[in-house]
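Next up, model22.txt (compact mmCIF, C-alpha atoms):
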```txt
# COMPACT_ATOMS: atom_id res chain seq x y z
CA MET D 1 -123.17 -69.87 95.39
CA LYS D 2 -120.26 -72.12 94.53
CA VAL D 3 -118.29 -71.18 91.41
CA TYR D 4 -116.33 -73.94 89.63
CA THR D 5 -113.24 -73.55 87.51
CA VAL D 6 -113.19 -75.00 84.01
CA ASN D 7 -110.94 -77.79 85.24
CA GLU D 8 -113.28 -78.65 88.13
CA CYS D 9 -116.30 -78.64 85.82
CA SER D 10 -114.47 -80.93 83.38
CA GLU D 11 -113.68 -83.33 86.24
CA ILE D 12 -117.36 -83.45 87.29
CA ILE D 13 -118.49 -84.26 83.74
CA SER D 14 -115.72 -86.84 83.30
CA GLU D 15 -116.53 -88.62 86.58
CA SER D 16 -120.25 -88.58 85.82
CA ILE D 17 -119.67 -90.32 82.47
CA LYS D 18 -117.26 -92.85 83.98
CA LYS D 19 -119.70 -93.89 86.73
CA ASN D 20 -122.51 -94.62 84.28
CA TYR D 21 -122.26 -98.35 83.45
CA LEU D 22 -124.15 -97.79 80.18
CA ASN D 23 -121.07 -96.00 78.82
CA LYS D 24 -118.85 -99.08 79.22
CA ASN D 25 -118.30 -101.89 76.72
CA ILE D 26 -120.66 -100.25 74.26
CA ASN D 27 -120.95 -101.30 70.58
CA VAL D 28 -121.70 -98.62 67.98
CA GLU D 29 -122.23 -99.18 64.24
CA GLY D 30 -121.58 -96.42 61.71
CA THR D 31 -119.50 -95.22 58.77
CA VAL D 32 -115.88 -94.16 59.32
CA SER D 33 -115.18 -90.54 58.43
CA SER D 34 -112.38 -87.96 58.86
CA LEU D 35 -109.76 -90.52 59.89
CA ARG D 36 -106.57 -88.73 61.01
CA GLU D 37 -103.56 -89.34 63.21
CA HIS D 38 -102.60 -86.76 65.85
CA PHE D 39 -98.98 -85.77 66.55
CA SER D 40 -99.44 -87.21 70.04
CA GLY D 41 -99.73 -90.70 68.52
CA ASN D 42 -103.47 -90.98 69.10
CA CYS D 43 -105.87 -91.47 66.20
CA TYR D 44 -109.16 -89.61 65.80
CA PHE D 45 -112.14 -90.25 63.51
CA SER D 46 -115.92 -89.96 63.40
CA LEU D 47 -118.70 -92.52 63.15
CA ILE D 48 -121.57 -91.14 61.09
CA ASP D 49 -124.98 -92.16 59.83
CA GLU D 50 -127.55 -90.25 57.76
CA SER D 51 -128.04 -87.52 60.38
CA TYR D 52 -125.60 -87.77 63.30
CA LYS D 53 -121.98 -88.40 64.18
CA ILE D 54 -119.92 -89.51 67.19
CA SER D 55 -116.29 -88.53 67.75
CA CYS D 56 -113.99 -91.49 68.35
CA LYS D 57 -110.44 -91.95 69.59
CA ILE D 58 -107.83 -94.73 69.47
CA ASN D 59 -105.03 -94.55 72.04
CA HIS D 60 -101.51 -94.85 70.69
CA MET D 61 -101.14 -98.14 72.59
CA HIS D 62 -103.89 -99.80 70.51
CA LEU D 63 -103.18 -97.90 67.31
CA SER D 64 -101.22 -100.59 65.43
CA PHE D 65 -103.90 -103.22 66.13
CA VAL D 66 -107.08 -101.21 65.69
CA LYS D 67 -106.32 -98.63 62.98
CA ARG D 68 -105.33 -101.16 60.31
CA LYS D 69 -108.96 -102.27 60.11
CA LEU D 70 -110.23 -98.71 59.64
CA LYS D 71 -110.81 -97.10 56.27
CA SER D 72 -112.81 -93.97 55.48
CA GLY D 73 -116.21 -94.77 54.00
CA GLU D 74 -116.42 -98.30 55.42
CA LYS D 75 -119.17 -99.45 57.73
CA VAL D 76 -117.81 -100.76 61.04
CA ILE D 77 -118.83 -101.74 64.56
CA ILE D 78 -116.71 -100.04 67.23
CA SER D 79 -116.44 -101.59 70.69
CA GLY D 80 -115.21 -99.43 73.55
CA ASN D 81 -116.02 -97.00 76.36
CA ILE D 82 -117.44 -93.49 76.29
CA LEU D 83 -115.31 -90.96 78.13
CA TYR D 84 -114.98 -87.19 78.37
CA ASP D 85 -111.94 -85.66 76.65
CA LYS D 86 -110.91 -82.63 78.69
CA TYR D 87 -108.63 -81.31 75.96
CA PHE D 88 -111.35 -81.16 73.29
CA GLY D 89 -114.14 -80.54 75.80
CA LYS D 90 -116.49 -83.21 74.47
CA PRO D 91 -117.40 -86.91 74.94
CA LEU D 92 -115.47 -89.46 72.87
CA LEU D 93 -115.88 -93.14 72.13
CA LEU D 94 -112.56 -94.76 73.06
CA ALA D 95 -112.23 -97.57 70.52
CA GLU D 96 -110.70 -100.85 71.68
CA ARG D 97 -111.97 -103.21 68.98
CA VAL D 98 -113.12 -102.80 65.36
CA ILE D 99 -115.33 -105.15 63.36
CA VAL D 100 -115.73 -104.37 59.65
CA SER D 101 -119.38 -104.92 58.76
CA GLY D 102 -119.17 -103.99 55.06
CA LYS D 103 -119.52 -100.98 52.81
CA SER D 104 -121.70 -98.10 53.89
CA GLN D 105 -124.71 -97.02 51.84
CA ILE D 106 -122.91 -93.77 51.01
CA GLN D 107 -119.94 -95.68 49.62
CA ILE D 108 -122.15 -98.09 47.63
CA GLU D 109 -124.04 -95.18 46.02
CA LYS D 110 -120.78 -93.38 45.28
CA GLU D 111 -119.22 -96.41 43.59
CA LYS D 112 -122.38 -96.96 41.54
CA LEU D 113 -122.33 -93.34 40.37
CA PHE D 114 -118.61 -93.57 39.60
CA LYS D 115 -119.14 -96.54 37.26
CA GLU D 116 -122.07 -94.83 35.56
CA LEU D 117 -120.12 -91.61 34.94
CA GLU D 118 -117.05 -93.53 33.79
CA GLU D 119 -119.10 -95.35 31.15
CA LYS D 120 -120.47 -92.04 29.86
CA GLY D 121 -116.99 -90.52 29.52
CA TYR D 122 -117.22 -87.94 32.30
CA PHE D 123 -113.66 -88.69 33.41
CA SER D 124 -112.13 -88.93 29.92
CA VAL D 125 -109.27 -86.56 29.07
CA TYR D 126 -110.98 -85.93 25.72
CA SER D 127 -113.90 -84.28 27.49
CA LYS D 128 -111.70 -81.80 29.35
CA LYS D 129 -111.68 -78.16 28.29
CA ALA D 130 -108.41 -76.24 28.14
CA LEU D 131 -107.87 -73.09 30.19
CA PRO D 132 -107.82 -69.88 28.11
CA GLU D 133 -104.34 -68.53 27.46
CA TYR D 134 -105.45 -65.09 28.65
CA VAL D 135 -107.87 -64.96 31.61
CA PHE D 136 -109.60 -61.63 32.26
CA ILE D 137 -112.67 -62.67 34.31
CA VAL D 138 -112.70 -65.40 36.99
CA GLY D 139 -116.00 -66.71 38.34
CA ILE D 140 -115.93 -68.08 41.90
CA ILE D 141 -118.73 -70.43 43.03
CA THR D 142 -118.65 -70.57 46.81
CA SER D 143 -120.17 -69.05 49.94
CA LYS D 144 -119.43 -65.31 49.93
CA SER D 145 -119.19 -65.34 53.74
CA GLY D 146 -116.25 -67.78 53.79
CA ALA D 147 -112.53 -67.02 53.80
CA VAL D 148 -112.11 -68.91 50.52
CA VAL D 149 -113.21 -65.92 48.42
CA HIS D 150 -110.65 -63.63 50.01
CA ASP D 151 -107.86 -66.19 49.59
CA ILE D 152 -108.54 -66.58 45.86
CA ILE D 153 -108.89 -62.85 45.14
CA LYS D 154 -105.88 -61.90 47.26
CA THR D 155 -103.64 -64.49 45.59
CA GLY D 156 -104.96 -63.56 42.14
CA ARG D 157 -104.37 -59.83 42.59
CA LEU D 158 -100.83 -60.41 43.80
CA ARG D 159 -100.18 -62.23 40.51
CA ASN D 160 -102.09 -59.95 38.15
CA LYS D 161 -104.06 -56.88 39.20
CA ASN D 162 -105.81 -56.62 35.80
CA VAL D 163 -108.01 -59.69 36.35
CA SER D 164 -111.64 -59.21 37.46
CA TYR D 165 -113.61 -61.53 39.77
CA TYR D 166 -117.31 -62.35 39.97
CA ILE D 167 -118.71 -64.21 42.99
CA TYR D 168 -121.59 -66.66 42.45
CA ASN D 169 -122.87 -67.03 46.00
CA SER D 170 -123.91 -70.59 46.89
CA ALA D 171 -124.07 -72.98 49.82
CA VAL D 172 -121.15 -75.44 49.76
CA GLN D 173 -122.47 -77.70 52.51
CA GLY D 174 -125.84 -79.24 53.25
CA GLU D 175 -128.71 -80.82 51.35
CA LYS D 176 -129.31 -77.95 48.90
CA ALA D 177 -125.65 -77.17 48.21
CA ALA D 178 -125.30 -79.32 45.06
CA LEU D 179 -128.48 -77.85 43.54
CA GLU D 180 -127.42 -74.26 44.28
CA MET D 181 -123.93 -74.76 42.81
CA SER D 182 -125.36 -76.34 39.65
CA LYS D 183 -127.66 -73.33 39.21
CA MET D 184 -124.70 -70.97 39.55
CA ILE D 185 -122.80 -72.88 36.84
CA LYS D 186 -125.77 -72.58 34.47
CA LEU D 187 -126.17 -68.88 35.33
CA ALA D 188 -122.51 -68.20 34.53
CA ASN D 189 -122.84 -69.97 31.17
CA LYS D 190 -125.89 -67.85 30.25
CA SER D 191 -124.37 -64.51 31.30
CA ASP D 192 -123.89 -61.79 28.68
CA VAL D 193 -120.33 -61.34 29.92
CA LYS D 194 -119.15 -64.89 30.62
CA PRO D 195 -116.24 -65.63 32.96
CA ASP D 196 -113.20 -67.13 31.23
CA VAL D 197 -113.01 -69.81 33.93
CA LEU D 198 -115.05 -71.01 36.94
CA ILE D 199 -113.59 -72.07 40.30
CA ILE D 200 -115.76 -74.21 42.61
CA ALA D 201 -114.18 -73.75 46.02
CA ARG D 202 -114.54 -74.48 49.72
CA GLY D 203 -112.15 -74.90 52.61
CA GLY D 204 -111.38 -77.99 54.66
CA GLY D 205 -113.85 -79.93 56.73
CA ALA D 206 -115.05 -83.35 57.73
CA GLU D 207 -115.55 -85.91 54.97
CA GLU D 208 -119.30 -85.94 55.41
CA ASP D 209 -119.32 -82.21 54.58
CA PHE D 210 -118.13 -83.00 51.04
CA LYS D 211 -121.21 -85.03 50.11
CA PRO D 212 -122.60 -82.33 47.73
CA PHE D 213 -119.49 -82.66 45.56
CA ASN D 214 -120.42 -86.29 44.85
CA GLU D 215 -123.98 -85.58 43.73
CA ARG D 216 -125.11 -86.16 40.15
CA ILE D 217 -126.84 -82.80 39.63
CA LEU D 218 -123.61 -80.88 40.25
CA LEU D 219 -121.45 -83.29 38.22
CA ASP D 220 -123.79 -83.00 35.22
CA ALA D 221 -123.65 -79.20 35.36
CA VAL D 222 -119.83 -79.25 35.45
CA TYR D 223 -119.58 -81.72 32.57
CA ASN D 224 -122.00 -79.73 30.37
CA SER D 225 -120.47 -76.33 31.16
CA GLU D 226 -119.04 -74.45 28.17
CA ILE D 227 -116.73 -72.60 30.58
CA PRO D 228 -113.73 -74.54 31.96
CA VAL D 229 -114.24 -75.55 35.60
CA VAL D 230 -111.55 -75.87 38.29
CA SER D 231 -112.28 -77.94 41.39
CA ALA D 232 -110.72 -76.48 44.55
CA ILE D 233 -112.25 -78.52 47.36
CA GLY D 234 -110.65 -78.75 50.80
CA HIS D 235 -107.04 -79.51 51.58
CA GLU D 236 -105.90 -82.61 49.70
CA VAL D 237 -109.26 -84.35 50.12
CA ASP D 238 -109.36 -87.65 48.26
CA ASP D 239 -112.17 -89.43 46.44
CA VAL D 240 -114.36 -86.46 45.54
CA LEU D 241 -116.02 -87.13 42.18
CA LEU D 242 -116.01 -83.44 41.32
CA ASP D 243 -112.20 -83.56 41.13
CA MET D 244 -112.43 -86.18 38.37
CA VAL D 245 -115.25 -84.53 36.39
CA ALA D 246 -113.85 -80.99 36.51
CA ASP D 247 -111.43 -79.85 33.80
CA TYR D 248 -108.71 -79.11 36.37
CA ARG D 249 -108.15 -79.88 40.05
CA ALA D 250 -106.43 -77.75 42.67
CA SER D 251 -105.74 -79.06 46.17
CA THR D 252 -106.64 -75.71 47.76
CA PRO D 253 -108.47 -72.52 46.68
CA THR D 254 -105.16 -70.65 46.82
CA GLN D 255 -103.60 -73.12 44.40
CA ALA D 256 -106.61 -72.68 42.11
CA ALA D 257 -105.89 -68.94 41.89
CA GLU D 258 -102.25 -69.70 41.05
CA LEU D 259 -103.35 -72.15 38.37
CA VAL D 260 -105.86 -69.81 36.72
CA VAL D 261 -104.23 -66.37 37.01
CA GLU D 262 -101.00 -65.94 35.07
CA GLU D 263 -98.30 -63.75 36.63
CA GLU D 264 -98.29 -60.29 35.09
CA LYS D 265 -94.61 -60.37 34.06
CA VAL D 266 -95.05 -63.78 32.41
CA LEU D 267 -98.12 -62.48 30.56
CA TYR D 268 -96.20 -59.44 29.28
CA SER D 269 -93.36 -61.70 28.14
CA LYS D 270 -95.83 -63.80 26.14
CA ILE D 271 -97.35 -60.71 24.52
CA GLU D 272 -93.91 -59.31 23.65
CA PHE D 273 -92.87 -62.63 22.13
CA GLN D 274 -96.02 -62.77 20.00
CA LEU D 275 -95.51 -59.17 18.84
CA ASN D 276 -91.96 -60.01 17.79
CA CYS D 277 -93.28 -63.01 15.88
CA LEU D 278 -95.81 -60.77 14.10
CA LYS D 279 -93.06 -58.30 13.16
CA GLN D 280 -90.96 -61.09 11.71
CA VAL D 281 -93.91 -62.45 9.73
CA PHE D 282 -94.75 -58.95 8.42
CA LYS D 283 -91.14 -58.34 7.42
CA PHE D 284 -90.97 -61.69 5.64
CA LYS D 285 -94.24 -60.99 3.79
CA MET D 286 -93.02 -57.54 2.68
CA GLU D 287 -89.74 -58.97 1.41
CA ASN D 288 -91.66 -61.57 -0.59
CA LYS D 289 -94.00 -58.93 -2.03
CA LYS D 290 -91.05 -56.77 -3.01
CA SER D 291 -89.35 -59.68 -4.78
CA ASP D 292 -92.58 -60.60 -6.57
CA PHE D 293 -93.03 -57.00 -7.74
CA ILE D 294 -89.49 -56.78 -9.17
CA ILE D 295 -89.86 -60.12 -10.97
CA ASN D 296 -93.22 -59.13 -12.47
CA LEU D 297 -91.86 -55.76 -13.57
CA TYR D 298 -88.94 -57.46 -15.28
CA LYS D 299 -91.31 -59.89 -17.02
CA LEU D 300 -93.49 -56.99 -18.16
CA ARG D 301 -90.54 -55.14 -19.66
CA LYS D 302 -89.45 -58.22 -21.55
CA SER D 303 -92.93 -58.92 -22.89
CA ILE D 304 -93.49 -55.41 -24.36
CA ASN D 305 -92.99 -55.07 -28.23
CA LYS D 306 -91.11 -51.83 -28.79
CA THR D 307 -92.57 -51.30 -32.33
CA VAL D 308 -96.12 -51.67 -31.03
CA LEU D 309 -95.27 -49.29 -28.19
CA PHE D 310 -93.96 -46.60 -30.54
CA ASP D 311 -96.99 -46.95 -32.85
CA LYS D 312 -99.30 -46.44 -29.91
CA MET D 313 -97.34 -43.40 -28.78
CA ASN D 314 -97.58 -41.85 -32.31
CA GLU D 315 -101.32 -42.48 -32.34
CA ILE D 316 -101.64 -40.66 -29.02
CA ILE D 317 -99.52 -37.70 -30.29
CA ILE D 318 -101.62 -37.39 -33.49
CA PHE D 319 -104.85 -37.62 -31.50
CA CYS D 320 -103.68 -34.86 -29.15
CA ARG D 321 -102.59 -32.69 -32.11
CA ASN D 322 -105.94 -33.11 -33.86
CA LEU D 323 -107.71 -32.41 -30.63
CA LYS D 324 -105.73 -29.19 -30.21
CA GLN D 325 -106.37 -28.06 -33.81
CA GLY D 326 -110.07 -28.79 -33.51
CA TYR D 327 -110.23 -26.84 -30.29
CA ILE D 328 -108.51 -23.81 -31.93
CA LYS D 329 -110.90 -23.92 -34.92
CA ASN D 330 -113.88 -23.95 -32.60
CA ILE D 331 -112.54 -20.96 -30.67
CA ILE D 332 -111.98 -18.96 -33.89
CA ALA D 333 -115.48 -19.83 -35.14
CA MET D 334 -117.01 -18.76 -31.85
CA GLN D 335 -115.06 -15.46 -31.91
CA LYS D 336 -116.16 -14.78 -35.53
CA LYS D 337 -119.79 -15.43 -34.69
CA CYS D 338 -119.57 -13.21 -31.65
CA ILE D 339 -118.16 -10.31 -33.75
CA GLU D 340 -120.92 -10.74 -36.33
CA ASN D 341 -123.56 -10.57 -33.62
CA LEU D 342 -122.02 -7.38 -32.20
CA ILE D 343 -122.03 -5.72 -35.66
CA LYS D 344 -125.70 -6.61 -36.19
CA LEU D 345 -126.57 -5.26 -32.78
CA GLN D 346 -124.71 -2.00 -33.50
CA GLU D 347 -126.46 -1.53 -36.88
CA SER D 348 -129.90 -2.06 -35.38
CA TYR D 349 -129.15 0.46 -32.68
CA ILE D 350 -128.06 3.15 -35.30
CA ASN D 351 -131.18 2.61 -37.42
CA LYS D 352 -133.39 3.49 -34.47
CA PHE D 353 -131.96 6.99 -34.44
```
Whole structure given in structure tokens:
Amino acid sequence: MKVYTVNECSEIISESIKKNYLNKNINVEGTVSSLREHFSGNCYFSLIDESYKISCKINHMHLSFVKRKLKSGEKVIISGNILYDKYFGKPLLLAERVIVSGKSQIQIEKEKLFKELEEKGYFSVYSKKALPEYVFIVGIITSKSGAVVHDIIKTGRLRNKNVSYYIYNSAVQGEKAALEMSKMIKLANKSDVKPDVLIIARGGGAEEDFKPFNERILLDAVYNSEIPVVSAIGHEVDDVLLDMVADYRASTPTQAAELVVEEEKVLYSKIEFQLNCLKQVFKFKMENKKSDFIINLYKLRKSINKTVLFDKMNEIIIFCRNLKQGYIKNIIAMQKKCIENLIKLQESYINKF
């Protein structure tokens, strides 16, 4: 049994693809996605349709002529040859000519939705909700199996260990992702203990993976949320409608944690400043009350008629004197009556014998 090395196997695949005449001078129509330039000078992108994608490459020699016609989201026809890239270990369409055939259906639908949302005020600054000054609970809407959750929580705890986190597990890619994320937003808003802020997060990926973040059902849920929402999608990904509808945008999940979670020392400084302000206000109020009391006391003293005051005092003295005399008379009368009763009792006792 012959055993091939990886290099030998790659050569066999490469030669097999080269020899097939069907792989030469082929024309492929699709939507441009994930356009990026490699440090080697080559350019890489994908051609996608509703279900599939083909990886494409432009050599650095043709880059200045071919790339200028490429733009993510546009529908194009690529002419070139299919070859096997040994470095990436997969077939590639080596582009030699580009014909722009118009806007893709995805782009047309996105632009239509953009105009509709713009007319309804979804992007207006007046519809944005402010972040709470003090955040105690952060809700994270993402896949719990991804690294994004750990990045957010780790960064947040380094800044302030007193903040709590609640994970709303949801798909962030695929047909049902937008629906699941919208349900998580509604669930968070109905919770007995609501998060102070929600972060919708996912890591980087191909442009076609971000389709759920351009869907109406998710955008409506974000716009109608009573809780402020931060969009933290990918690494500097452009043209995601969620970024424009959300109250705040962060280029990465880590940056979202930095935006939402205040540093502990800064938080303590704010609290100390506010306490000092309260002390100053309390001191000022007490000084005012003291001044008001002294002024009112002075006014009261000036308004009192001394003659009337003395007359009232004499009335009180006479009343107390009469009260005392009446009390003494009552005591004497009670004593006299008691003595008379004792005498009668004694006489009746003697008569019996």
Length of the atom CA of D:Phe282 to atom CA of D:Lys270 vector [Å]: 18.4 Å
Near D:Ser72, within 9 Å and counting all atoms listed in the file, which residues show up once chain neighbours fewer than 5 positions away are dropped, as an mmCIF file with C-alpha atoms, in the coordinates of the input?
```cif
data_model
loop_
_atom_site.group_PDB
_atom_site.id
_atom_site.type_symbol
_atom_site.label_atom_id
_atom_site.label_comp_id
_atom_site.auth_asym_id
_atom_site.auth_seq_id
_atom_site.Cartn_x
_atom_site.Cartn_y
_atom_site.Cartn_z
ATOM 1 C CA THR D 31 -119.500 -95.220 58.770
ATOM 2 C CA VAL D 32 -115.880 -94.160 59.320
ATOM 3 C CA SER D 33 -115.180 -90.540 58.430
ATOM 4 C CA SER D 34 -112.380 -87.960 58.860
ATOM 5 C CA LEU D 35 -109.760 -90.520 59.890
ATOM 6 C CA PHE D 45 -112.140 -90.250 63.510
ATOM 7 C CA GLU D 207 -115.550 -85.910 54.970
#
```
At a cut-off of 10 Å, can you tabulate as JSON lines every residue of stretch 204-301 of chain D near stretch 106-124 of chain D together with its closest atom pair and the distance in Å to one decimal, using all atoms listed in the file and ordering rows by chain then number?
```
{"residue": "D:Glu208", "atom": "CA", "partner": "D:Ile106", "partner_atom": "CA", "distance": 9.7}
{"residue": "D:Lys211", "atom": "CA", "partner": "D:Ile106", "partner_atom": "CA", "distance": 8.9}
{"residue": "D:Asn214", "atom": "CA", "partner": "D:Lys110", "partner_atom": "CA", "distance": 7.1}
{"residue": "D:Glu215", "atom": "CA", "partner": "D:Lys110", "partner_atom": "CA", "distance": 8.6}
{"residue": "D:Arg216", "atom": "CA", "partner": "D:Leu113", "partner_atom": "CA", "distance": 7.7}
{"residue": "D:Leu219", "atom": "CA", "partner": "D:Tyr122", "partner_atom": "CA", "distance": 8.6}
{"residue": "D:Asp220", "atom": "CA", "partner": "D:Tyr122", "partner_atom": "CA", "distance": 8.7}
{"residue": "D:Val222", "atom": "CA", "partner": "D:Tyr122", "partner_atom": "CA", "distance": 9.6}
{"residue": "D:Tyr223", "atom": "CA", "partner": "D:Tyr122", "partner_atom": "CA", "distance": 6.7}
{"residue": "D:Asn224", "atom": "CA", "partner": "D:Tyr122", "partner_atom": "CA", "distance": 9.7}
{"residue": "D:Asp239", "atom": "CA", "partner": "D:Lys110", "partner_atom": "CA", "distance": 9.5}
{"residue": "D:Val240", "atom": "CA", "partner": "D:Lys110", "partner_atom": "CA", "distance": 9.4}
{"residue": "D:Leu241", "atom": "CA", "partner": "D:Phe114", "partner_atom": "CA", "distance": 7.4}
{"residue": "D:Leu242", "atom": "CA", "partner": "D:Phe123", "partner_atom": "CA", "distance": 9.8}
{"residue": "D:Asp243", "atom": "CA", "partner": "D:Phe123", "partner_atom": "CA", "distance": 9.4}
{"residue": "D:Met244", "atom": "CA", "partner": "D:Phe123", "partner_atom": "CA", "distance": 5.7}
{"residue": "D:Val245", "atom": "CA", "partner": "D:Phe123", "partner_atom": "CA", "distance": 5.4}
{"residue": "D:Ala246", "atom": "CA", "partner": "D:Phe123", "partner_atom": "CA", "distance": 8.3}
{"residue": "D:Asp247", "atom": "CA", "partner": "D:Phe123", "partner_atom": "CA", "distance": 9.1}
```
Let's have the selection written as a PDB file, in the frame of the given file, with C-alpha atoms.
```
ATOM      1  CA  GLU D 208    -119.300 -85.940  55.410  1.00  0.00           C
ATOM      2  CA  LYS D 211    -121.210 -85.030  50.110  1.00  0.00           C
ATOM      3  CA  ASN D 214    -120.420 -86.290  44.850  1.00  0.00           C
ATOM      4  CA  GLU D 215    -123.980 -85.580  43.730  1.00  0.00           C
ATOM      5  CA  ARG D 216    -125.110 -86.160  40.150  1.00  0.00           C
ATOM      6  CA  LEU D 219    -121.450 -83.290  38.220  1.00  0.00           C
ATOM      7  CA  ASP D 220    -123.790 -83.000  35.220  1.00  0.00           C
ATOM      8  CA  VAL D 222    -119.830 -79.250  35.450  1.00  0.00           C
ATOM      9  CA  TYR D 223    -119.580 -81.720  32.570  1.00  0.00           C
ATOM     10  CA  ASN D 224    -122.000 -79.730  30.370  1.00  0.00           C
ATOM     11  CA  ASP D 239    -112.170 -89.430  46.440  1.00  0.00           C
ATOM     12  CA  VAL D 240    -114.360 -86.460  45.540  1.00  0.00           C
ATOM     13  CA  LEU D 241    -116.020 -87.130  42.180  1.00  0.00           C
ATOM     14  CA  LEU D 242    -116.010 -83.440  41.320  1.00  0.00           C
ATOM     15  CA  ASP D 243    -112.200 -83.560  41.130  1.00  0.00           C
ATOM     16  CA  MET D 244    -112.430 -86.180  38.370  1.00  0.00           C
ATOM     17  CA  VAL D 245    -115.250 -84.530  36.390  1.00  0.00           C
ATOM     18  CA  ALA D 246    -113.850 -80.990  36.510  1.00  0.00           C
ATOM     19  CA  ASP D 247    -111.430 -79.850  33.800  1.00  0.00           C
TER      20      ASP D 247
END
```
Atom CA of D:Gln173 to atom CA of D:Val148, distance in Å rounded to a single decimal: 13.7 Å
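Picture a line from atom CA of D:Val266 to atom CA of D:Val135; it runs 12.9 Å.
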Long-range neighbours of D:Gln255 as JSON, numbers by chain, 10 Å cut-off, all atoms listed in the file, 2 positions minimum in chain: {"D": [151, 152, 155, 156, 232, 249, 250, 251, 252, 253, 257, 258, 259, 260]}
Within 10 Å of D:Glu226 using only C-alpha atoms, minus same-chain residues under 2 positions, as a PyMOL selection string: chain D and resi 129+185-186+188-190+194+196-197+221-224+228-229
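Residues with any atom within 8 Å of stretch 87-101 of chain D, counting all atoms listed in the file and excluding same-chain neighbours fewer than 5 positions away, are Ser10, Ile54, Ser55, Cys56, Lys57, Ile58, Asn59, His62, Val66, Lys69, Leu70, Glu74, Lys75, Val76, Ile77, Ile78, Ser79, Gly80, Asn81 and Ile82 of chain D.
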Spatial neighbours of D:Ile141, max dist 10 Å, all atoms listed in the file, sep filter under 3 positions, as a list in words: Val138, Lys144, Val149, Tyr166, Ile167, Tyr168, Asn169, Ser170, Ala171, Val172, Glu180, Met181, Ser182, Met184, Ile185, Ala188, Leu198, Ile199, Ile200, Ala201 and Arg202 of chain D
Pick from D:Leu83, D:Gly102, D:Lys2, D:Lys18, whichever lies nearest to D:Gly30 using all atoms listed in the file: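 With all atoms listed in the file as the atom set, the closest residue is D:Gly102.
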Nearest candidate to D:Tyr44 (options D:Ala206, D:Gly146, D:Ile12, D:Leu131; using only C-alpha atoms):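 That would be D:Ala206, the residue with the smallest distance to D:Tyr44.
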